[in-house]
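Novice: See protein34.txt below, with compact mmCIF, N, CA and C atoms.
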```txt
# COMPACT_ATOMS: atom_id res chain seq x y z
N MET A 1 119.10 117.59 80.58
CA MET A 1 117.68 117.82 80.68
C MET A 1 117.38 119.18 80.03
N ASN A 2 116.36 119.22 79.21
CA ASN A 2 116.07 120.46 78.50
C ASN A 2 115.23 121.43 79.34
N ARG A 3 115.06 122.64 78.80
CA ARG A 3 114.36 123.72 79.52
C ARG A 3 112.92 123.33 79.86
N LYS A 4 112.20 122.71 78.93
CA LYS A 4 110.80 122.33 79.19
C LYS A 4 110.70 121.32 80.33
N SER A 5 111.60 120.37 80.36
CA SER A 5 111.59 119.38 81.43
C SER A 5 111.83 120.04 82.78
N LYS A 6 112.78 120.97 82.82
CA LYS A 6 113.07 121.67 84.06
C LYS A 6 111.88 122.51 84.53
N GLU A 7 111.27 123.23 83.59
CA GLU A 7 110.09 124.03 83.94
C GLU A 7 108.98 123.14 84.49
N LEU A 8 108.78 122.01 83.87
CA LEU A 8 107.74 121.08 84.30
C LEU A 8 108.02 120.55 85.71
N ILE A 9 109.23 120.13 85.96
CA ILE A 9 109.59 119.63 87.30
C ILE A 9 109.42 120.73 88.34
N ASN A 10 109.87 121.93 88.02
CA ASN A 10 109.72 123.05 88.97
C ASN A 10 108.25 123.28 89.31
N LEU A 11 107.38 123.20 88.32
CA LEU A 11 105.96 123.46 88.55
C LEU A 11 105.29 122.34 89.36
N ILE A 12 105.51 121.10 88.99
CA ILE A 12 104.74 120.01 89.63
C ILE A 12 105.19 119.73 91.06
N GLN A 13 106.36 120.20 91.45
CA GLN A 13 106.79 119.99 92.83
C GLN A 13 105.92 120.74 93.82
N ASP A 14 105.39 121.87 93.41
CA ASP A 14 104.71 122.74 94.36
C ASP A 14 103.27 123.07 93.97
N ASP A 15 102.90 122.80 92.74
CA ASP A 15 101.60 123.27 92.27
C ASP A 15 100.94 122.24 91.36
N PHE A 16 100.85 121.00 91.85
CA PHE A 16 100.22 119.96 91.03
C PHE A 16 98.71 120.07 91.18
N PRO A 17 97.98 120.30 90.08
CA PRO A 17 96.54 120.48 90.18
C PRO A 17 95.79 119.19 90.52
N ILE A 18 94.84 119.30 91.42
CA ILE A 18 94.00 118.16 91.80
C ILE A 18 92.68 118.32 91.06
N GLU A 19 92.60 117.70 89.91
CA GLU A 19 91.41 117.77 89.07
C GLU A 19 91.44 116.63 88.06
N SER A 20 90.39 116.53 87.28
CA SER A 20 90.26 115.37 86.38
C SER A 20 91.32 115.34 85.28
N ARG A 21 91.80 116.49 84.83
CA ARG A 21 92.83 116.53 83.79
C ARG A 21 93.99 117.43 84.23
N PRO A 22 94.76 116.96 85.22
CA PRO A 22 95.83 117.82 85.74
C PRO A 22 96.90 118.15 84.70
N PHE A 23 97.17 117.23 83.79
CA PHE A 23 98.24 117.47 82.81
C PHE A 23 97.81 118.51 81.77
N PHE A 24 96.51 118.60 81.54
CA PHE A 24 95.99 119.64 80.65
C PHE A 24 96.22 121.01 81.26
N LYS A 25 95.90 121.14 82.57
CA LYS A 25 96.09 122.41 83.26
C LYS A 25 97.57 122.79 83.32
N ILE A 26 98.42 121.81 83.61
CA ILE A 26 99.87 122.04 83.63
C ILE A 26 100.34 122.52 82.25
N ALA A 27 99.84 121.86 81.21
CA ALA A 27 100.23 122.22 79.85
C ALA A 27 99.87 123.67 79.53
N LYS A 28 98.67 124.09 79.95
CA LYS A 28 98.26 125.47 79.70
C LYS A 28 99.19 126.46 80.41
N LYS A 29 99.59 126.13 81.65
CA LYS A 29 100.48 127.03 82.39
C LYS A 29 101.85 127.14 81.74
N LEU A 30 102.28 126.06 81.10
CA LEU A 30 103.63 126.03 80.50
C LEU A 30 103.62 126.25 79.00
N ASP A 31 102.45 126.60 78.47
CA ASP A 31 102.31 126.82 77.02
C ASP A 31 102.77 125.60 76.22
N MET A 32 102.24 124.46 76.63
CA MET A 32 102.51 123.18 75.96
C MET A 32 101.19 122.49 75.66
N GLN A 33 101.28 121.35 75.01
CA GLN A 33 100.13 120.49 74.79
C GLN A 33 100.09 119.43 75.89
N GLU A 34 98.89 118.96 76.20
CA GLU A 34 98.73 117.96 77.26
C GLU A 34 99.56 116.70 76.99
N ASP A 35 99.52 116.19 75.76
CA ASP A 35 100.29 114.98 75.44
C ASP A 35 101.79 115.22 75.55
N GLU A 36 102.24 116.45 75.29
CA GLU A 36 103.65 116.79 75.44
C GLU A 36 104.07 116.69 76.91
N VAL A 37 103.24 117.22 77.81
CA VAL A 37 103.52 117.14 79.24
C VAL A 37 103.60 115.68 79.67
N ILE A 38 102.64 114.88 79.26
CA ILE A 38 102.62 113.46 79.63
C ILE A 38 103.85 112.75 79.10
N ASN A 39 104.24 113.03 77.87
CA ASN A 39 105.42 112.40 77.28
C ASN A 39 106.70 112.82 77.99
N ILE A 40 106.79 114.08 78.39
CA ILE A 40 107.98 114.53 79.13
C ILE A 40 108.06 113.81 80.46
N ILE A 41 106.94 113.71 81.17
CA ILE A 41 106.93 113.01 82.46
C ILE A 41 107.33 111.56 82.29
N ARG A 42 106.80 110.90 81.26
CA ARG A 42 107.19 109.49 81.00
C ARG A 42 108.68 109.38 80.75
N SER A 43 109.21 110.31 79.98
CA SER A 43 110.65 110.30 79.69
C SER A 43 111.48 110.55 80.95
N LEU A 44 111.04 111.47 81.79
CA LEU A 44 111.75 111.74 83.04
C LEU A 44 111.74 110.52 83.96
N GLU A 45 110.62 109.80 83.99
CA GLU A 45 110.55 108.57 84.78
C GLU A 45 111.46 107.49 84.18
N LYS A 46 111.37 107.32 82.89
CA LYS A 46 112.17 106.30 82.21
C LYS A 46 113.66 106.52 82.41
N ASN A 47 114.05 107.78 82.43
CA ASN A 47 115.48 108.12 82.58
C ASN A 47 115.88 108.38 84.03
N ASN A 48 115.00 108.00 84.96
CA ASN A 48 115.27 108.06 86.40
C ASN A 48 115.53 109.46 86.95
N TYR A 49 114.97 110.48 86.31
CA TYR A 49 115.04 111.82 86.89
C TYR A 49 113.99 111.96 87.99
N ILE A 50 112.82 111.33 87.77
CA ILE A 50 111.78 111.32 88.79
C ILE A 50 111.35 109.88 89.01
N LYS A 51 110.94 109.60 90.23
CA LYS A 51 110.55 108.24 90.58
C LYS A 51 109.04 108.07 90.54
N ARG A 52 108.34 109.07 91.07
CA ARG A 52 106.89 108.99 91.09
C ARG A 52 106.31 110.37 91.28
N ILE A 53 105.04 110.49 90.94
CA ILE A 53 104.30 111.70 91.22
C ILE A 53 103.13 111.26 92.09
N GLY A 54 103.04 111.81 93.27
CA GLY A 54 101.96 111.41 94.15
C GLY A 54 101.95 112.23 95.42
N ALA A 55 100.86 112.08 96.13
CA ALA A 55 100.68 112.82 97.37
C ALA A 55 101.49 112.18 98.50
N ILE A 56 101.79 112.99 99.49
CA ILE A 56 102.39 112.51 100.72
C ILE A 56 101.36 112.75 101.81
N TYR A 57 100.97 111.68 102.47
CA TYR A 57 99.91 111.74 103.47
C TYR A 57 100.47 111.71 104.88
N ASN A 58 99.72 112.29 105.80
CA ASN A 58 100.03 112.18 107.21
C ASN A 58 99.38 110.88 107.68
N LEU A 59 100.16 109.81 107.72
CA LEU A 59 99.64 108.49 108.03
C LEU A 59 99.00 108.41 109.41
N LYS A 60 99.59 109.09 110.36
CA LYS A 60 99.05 109.07 111.72
C LYS A 60 97.63 109.62 111.76
N LYS A 61 97.42 110.72 111.06
CA LYS A 61 96.08 111.33 111.03
C LYS A 61 95.08 110.41 110.33
N LEU A 62 95.56 109.58 109.44
CA LEU A 62 94.68 108.62 108.74
C LEU A 62 94.50 107.33 109.54
N GLY A 63 95.15 107.26 110.70
CA GLY A 63 94.99 106.08 111.56
C GLY A 63 95.96 104.95 111.27
N TYR A 64 97.00 105.21 110.49
CA TYR A 64 97.98 104.18 110.17
C TYR A 64 99.22 104.31 111.06
N CYS A 65 99.99 103.25 111.09
CA CYS A 65 101.27 103.28 111.78
C CYS A 65 102.34 102.85 110.79
N SER A 66 103.57 103.18 111.11
CA SER A 66 104.67 102.82 110.20
C SER A 66 105.93 102.60 111.02
N THR A 67 106.89 101.96 110.38
CA THR A 67 108.19 101.79 111.01
C THR A 67 109.26 101.62 109.94
N LEU A 68 110.46 102.01 110.30
CA LEU A 68 111.64 101.78 109.48
C LEU A 68 112.26 100.49 109.98
N CYS A 69 112.67 99.63 109.08
CA CYS A 69 113.27 98.35 109.45
C CYS A 69 114.61 98.19 108.74
N ALA A 70 115.46 97.40 109.35
CA ALA A 70 116.75 97.07 108.74
C ALA A 70 116.98 95.58 108.93
N ILE A 71 117.50 94.94 107.89
CA ILE A 71 117.73 93.50 107.92
C ILE A 71 119.11 93.22 107.34
N ARG A 72 119.76 92.21 107.89
CA ARG A 72 121.09 91.83 107.39
C ARG A 72 120.91 90.70 106.38
N VAL A 73 121.18 91.01 105.13
CA VAL A 73 120.94 90.07 104.02
C VAL A 73 122.27 89.69 103.37
N PRO A 74 122.54 88.39 103.22
CA PRO A 74 123.75 88.00 102.48
C PRO A 74 123.70 88.57 101.06
N GLN A 75 124.84 89.02 100.58
CA GLN A 75 124.91 89.66 99.26
C GLN A 75 124.27 88.83 98.15
N ASP A 76 124.45 87.52 98.21
CA ASP A 76 123.92 86.68 97.13
C ASP A 76 122.41 86.45 97.24
N ARG A 77 121.77 87.02 98.27
CA ARG A 77 120.33 86.85 98.45
C ARG A 77 119.55 88.17 98.40
N ILE A 78 120.24 89.24 98.03
CA ILE A 78 119.62 90.57 98.02
C ILE A 78 118.32 90.59 97.20
N LEU A 79 118.37 90.14 95.97
CA LEU A 79 117.18 90.20 95.10
C LEU A 79 116.06 89.31 95.63
N GLU A 80 116.42 88.14 96.10
CA GLU A 80 115.43 87.20 96.65
C GLU A 80 114.70 87.81 97.85
N VAL A 81 115.44 88.35 98.79
CA VAL A 81 114.85 88.92 100.01
C VAL A 81 114.07 90.18 99.68
N ALA A 82 114.59 91.00 98.78
CA ALA A 82 113.87 92.21 98.36
C ALA A 82 112.52 91.84 97.76
N ALA A 83 112.46 90.76 96.99
CA ALA A 83 111.20 90.33 96.39
C ALA A 83 110.19 89.92 97.47
N VAL A 84 110.65 89.24 98.50
CA VAL A 84 109.77 88.84 99.60
C VAL A 84 109.22 90.08 100.30
N ILE A 85 110.08 91.02 100.59
CA ILE A 85 109.67 92.24 101.29
C ILE A 85 108.74 93.08 100.42
N ASN A 86 109.09 93.25 99.17
CA ASN A 86 108.35 94.15 98.29
C ASN A 86 106.97 93.61 97.89
N LYS A 87 106.67 92.37 98.18
CA LYS A 87 105.34 91.83 97.89
C LYS A 87 104.27 92.47 98.76
N ASN A 88 104.68 93.01 99.90
CA ASN A 88 103.73 93.64 100.80
C ASN A 88 103.39 95.04 100.29
N ASP A 89 102.10 95.31 100.12
CA ASP A 89 101.66 96.61 99.60
C ASP A 89 102.00 97.77 100.53
N GLY A 90 102.28 97.48 101.79
CA GLY A 90 102.59 98.54 102.74
C GLY A 90 104.04 98.99 102.71
N VAL A 91 104.88 98.32 101.93
CA VAL A 91 106.29 98.71 101.84
C VAL A 91 106.40 99.93 100.92
N THR A 92 106.91 101.03 101.49
CA THR A 92 106.99 102.26 100.71
C THR A 92 108.39 102.54 100.19
N HIS A 93 109.41 102.02 100.85
CA HIS A 93 110.80 102.20 100.43
C HIS A 93 111.55 100.92 100.74
N ASN A 94 112.51 100.59 99.92
CA ASN A 94 113.39 99.46 100.18
C ASN A 94 114.70 99.74 99.46
N TYR A 95 115.77 99.85 100.22
CA TYR A 95 117.04 100.21 99.60
C TYR A 95 118.20 99.55 100.31
N ILE A 96 119.30 99.48 99.61
CA ILE A 96 120.53 98.87 100.12
C ILE A 96 121.41 99.96 100.71
N ARG A 97 122.01 99.65 101.86
CA ARG A 97 122.95 100.57 102.50
C ARG A 97 124.25 99.84 102.77
N ASN A 98 125.31 100.58 102.83
CA ASN A 98 126.61 100.02 103.17
C ASN A 98 126.70 100.00 104.69
N ASN A 99 126.17 98.93 105.29
CA ASN A 99 126.03 98.84 106.73
C ASN A 99 125.94 97.37 107.10
N TYR A 100 126.16 97.05 108.35
CA TYR A 100 125.97 95.68 108.82
C TYR A 100 124.55 95.22 108.49
N PHE A 101 123.57 96.06 108.82
CA PHE A 101 122.21 95.83 108.36
C PHE A 101 122.12 96.52 107.00
N ASN A 102 122.16 95.75 105.95
CA ASN A 102 122.37 96.32 104.62
C ASN A 102 121.12 96.57 103.80
N MET A 103 119.96 96.09 104.23
CA MET A 103 118.72 96.37 103.51
C MET A 103 117.77 97.09 104.49
N TRP A 104 117.33 98.26 104.08
CA TRP A 104 116.45 99.08 104.92
C TRP A 104 115.14 99.30 104.16
N PHE A 105 114.04 99.21 104.90
CA PHE A 105 112.74 99.42 104.26
C PHE A 105 111.77 100.03 105.26
N THR A 106 110.76 100.71 104.73
CA THR A 106 109.70 101.23 105.58
C THR A 106 108.41 100.51 105.23
N VAL A 107 107.58 100.34 106.22
CA VAL A 107 106.30 99.66 106.02
C VAL A 107 105.22 100.40 106.79
N ILE A 108 104.05 100.51 106.16
CA ILE A 108 102.89 101.11 106.83
C ILE A 108 101.78 100.08 106.89
N ALA A 109 100.91 100.23 107.89
CA ALA A 109 99.78 99.32 108.06
C ALA A 109 98.73 99.98 108.94
N PRO A 110 97.51 99.46 108.88
CA PRO A 110 96.46 100.03 109.74
C PRO A 110 96.71 99.79 111.23
N LYS A 111 97.41 98.70 111.55
CA LYS A 111 97.65 98.35 112.95
C LYS A 111 99.08 97.87 113.13
N VAL A 112 99.61 98.09 114.32
CA VAL A 112 100.96 97.62 114.65
C VAL A 112 101.03 96.10 114.50
N GLU A 113 99.95 95.41 114.84
CA GLU A 113 99.92 93.95 114.74
C GLU A 113 100.16 93.47 113.31
N ASN A 114 99.65 94.24 112.33
CA ASN A 114 99.87 93.88 110.93
C ASN A 114 101.36 93.95 110.57
N ILE A 115 102.02 94.96 111.09
CA ILE A 115 103.46 95.10 110.84
C ILE A 115 104.21 93.95 111.50
N GLN A 116 103.87 93.62 112.73
CA GLN A 116 104.55 92.53 113.43
C GLN A 116 104.37 91.21 112.69
N THR A 117 103.15 90.96 112.20
CA THR A 117 102.89 89.73 111.43
C THR A 117 103.75 89.70 110.17
N PHE A 118 103.83 90.84 109.49
CA PHE A 118 104.63 90.94 108.28
C PHE A 118 106.11 90.68 108.56
N LEU A 119 106.65 91.28 109.62
CA LEU A 119 108.06 91.10 109.95
C LEU A 119 108.36 89.65 110.34
N ASN A 120 107.45 89.05 111.08
CA ASN A 120 107.62 87.62 111.41
C ASN A 120 107.57 86.76 110.15
N ASP A 121 106.72 87.13 109.22
CA ASP A 121 106.60 86.40 107.96
C ASP A 121 107.90 86.50 107.15
N ILE A 122 108.52 87.67 107.17
CA ILE A 122 109.81 87.84 106.48
C ILE A 122 110.83 86.87 107.07
N LYS A 123 110.90 86.82 108.38
CA LYS A 123 111.87 85.94 109.04
C LYS A 123 111.60 84.47 108.69
N LEU A 124 110.33 84.09 108.66
CA LEU A 124 110.00 82.70 108.31
C LEU A 124 110.33 82.38 106.86
N LYS A 125 109.96 83.26 105.94
CA LYS A 125 110.15 83.00 104.51
C LYS A 125 111.61 83.06 104.09
N THR A 126 112.41 83.91 104.76
CA THR A 126 113.81 84.07 104.35
C THR A 126 114.78 83.30 105.23
N GLY A 127 114.34 82.96 106.44
CA GLY A 127 115.24 82.32 107.40
C GLY A 127 116.21 83.30 108.05
N ILE A 128 116.05 84.59 107.77
CA ILE A 128 116.93 85.61 108.32
C ILE A 128 116.30 86.15 109.61
N LYS A 129 117.04 86.07 110.68
CA LYS A 129 116.54 86.51 111.98
C LYS A 129 117.02 87.92 112.36
N GLU A 130 118.12 88.37 111.73
CA GLU A 130 118.68 89.68 112.08
C GLU A 130 117.89 90.78 111.37
N LEU A 131 116.80 91.16 111.99
CA LEU A 131 115.92 92.19 111.49
C LEU A 131 115.55 93.08 112.67
N ILE A 132 115.75 94.37 112.51
CA ILE A 132 115.42 95.29 113.61
C ILE A 132 114.41 96.33 113.14
N GLU A 133 113.64 96.81 114.09
CA GLU A 133 112.70 97.90 113.85
C GLU A 133 113.29 99.18 114.42
N LEU A 134 113.10 100.25 113.70
CA LEU A 134 113.59 101.56 114.13
C LEU A 134 112.43 102.56 114.04
N PRO A 135 111.46 102.42 114.94
CA PRO A 135 110.29 103.31 114.86
C PRO A 135 110.68 104.75 115.17
N ALA A 136 109.99 105.66 114.50
CA ALA A 136 110.25 107.08 114.72
C ALA A 136 109.78 107.49 116.11
N ILE A 137 110.58 108.28 116.76
CA ILE A 137 110.21 108.83 118.06
C ILE A 137 109.59 110.21 117.83
N ASN A 138 110.20 110.99 116.96
CA ASN A 138 109.68 112.29 116.57
C ASN A 138 109.55 112.31 115.05
N PHE A 139 108.52 112.97 114.57
CA PHE A 139 108.33 113.10 113.13
C PHE A 139 108.71 114.50 112.70
N PHE A 140 109.48 114.58 111.63
CA PHE A 140 109.86 115.84 111.05
C PHE A 140 109.48 115.79 109.58
N LYS A 141 108.66 116.70 109.18
CA LYS A 141 108.31 116.81 107.77
C LYS A 141 108.99 118.05 107.23
N ILE A 142 109.78 117.85 106.23
CA ILE A 142 110.44 118.99 105.62
C ILE A 142 109.97 119.10 104.18
N LYS A 143 109.91 120.30 103.72
CA LYS A 143 109.53 120.53 102.34
C LYS A 143 110.80 120.78 101.55
N VAL A 144 111.01 119.98 100.56
CA VAL A 144 112.19 120.14 99.72
C VAL A 144 111.75 120.31 98.28
N ASN A 145 112.10 121.41 97.70
CA ASN A 145 111.87 121.64 96.28
C ASN A 145 113.23 121.82 95.63
N PHE A 146 113.37 121.23 94.48
CA PHE A 146 114.61 121.37 93.72
C PHE A 146 114.35 122.36 92.59
N ASN A 147 114.94 123.52 92.71
CA ASN A 147 114.76 124.56 91.70
C ASN A 147 115.75 124.31 90.57
N LEU A 148 115.26 123.78 89.48
CA LEU A 148 116.11 123.47 88.34
C LEU A 148 116.19 124.70 87.45
N LYS A 149 117.39 125.18 87.27
CA LYS A 149 117.60 126.38 86.46
C LYS A 149 118.23 125.98 85.15
N GLU A 150 118.03 126.84 84.19
CA GLU A 150 118.59 126.64 82.85
C GLU A 150 120.09 126.66 82.87
```
As structure tokens, how would this structure be written, given the file I've shared?
Specialist:
Amino acid sequence: MNRKSKELINLIQDDFPIESRPFFKIAKKLDMQEDEVINIIRSLEKNNYIKRIGAIYNLKKLGYCSTLCAIRVPQDRILEVAAVINKNDGVTHNYIRNNYFNMWFTVIAPKVENIQTFLNDIKLKTGIKELIELPAINFFKIKVNFNLKE
């Protein structure tokens, strides 16, 4: 990763401007052109250095609920089951773990009932009954910035 990419990542982690042309403002701070900033970000996404740029909201304050779930999926059905789960707009993460329950995902919804309906729907559509919920008891928000140096 080159110096400009590192500078850009360092800046947007902590100081992303909320305005109509955020990439223009970022470009001015880094002595770049707006299209250069956009192209670097696209390249970083394409090469899997960054996954997304977006806000993190306090869902509880917005009136939403969420839960972490784990499901036991046969290896030959991973993609199929992931597609069923990922169709729901409330799914924020879905990943494979080396565990008896090998697929873990988080889901948010306006009401607990919506989550329950979704989880029951997964069981019906996939035929998999081994699905558990792991709701958070305490919430911990940590701020993590990765300081990329030359």
Novice: Using all atoms listed in the file, which protein or nucleic acid residues come within 7 Å of segment 114-125 of chain A? Drop anything in the same chain fewer than 6 positions from it, and give the result as a list in words.
Specialist: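 Skipping anything fewer than 6 positions along the chain leaves Val84, Ile85, Val107 and Ile108 of chain A.
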Novice: Neighbours of Pro110 of chain A within 8 Å (only N, CA and C atoms; same-chain residues fewer than 3 positions away dropped), as an MDAnalysis selection string?
Specialist: chainID A and resid 62:66 113:115
Novice: Rank nothing, just name the residue among A:Arg97, A:Asn10, A:Lys4, A:Phe105 nearest to Cys69 of chain A, using all atoms listed in the file.
Specialist: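 The closest residue to Cys69 of chain A is A:Phe105.
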Novice: Calculate, to one decimal in Å, the centre and edge lengths of the box along x, y and z of the file that holds all listed atoms of segment 60-65 of chain A with 5 Å of margin on each side, and present them as AutoDock Vina command-line options.
Specialist:
```
--center_x 98.4 --center_y 107.1 --center_z 110.3 --size_x 17.8 --size_y 18.5 --size_z 13.0
```
Novice: Take atom CA of Ile40 of chain A and atom C of Asn94 of chain A and report the distance between them in Å, one decimal.
Specialist: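 Those two atoms sit 26.0 Å apart.
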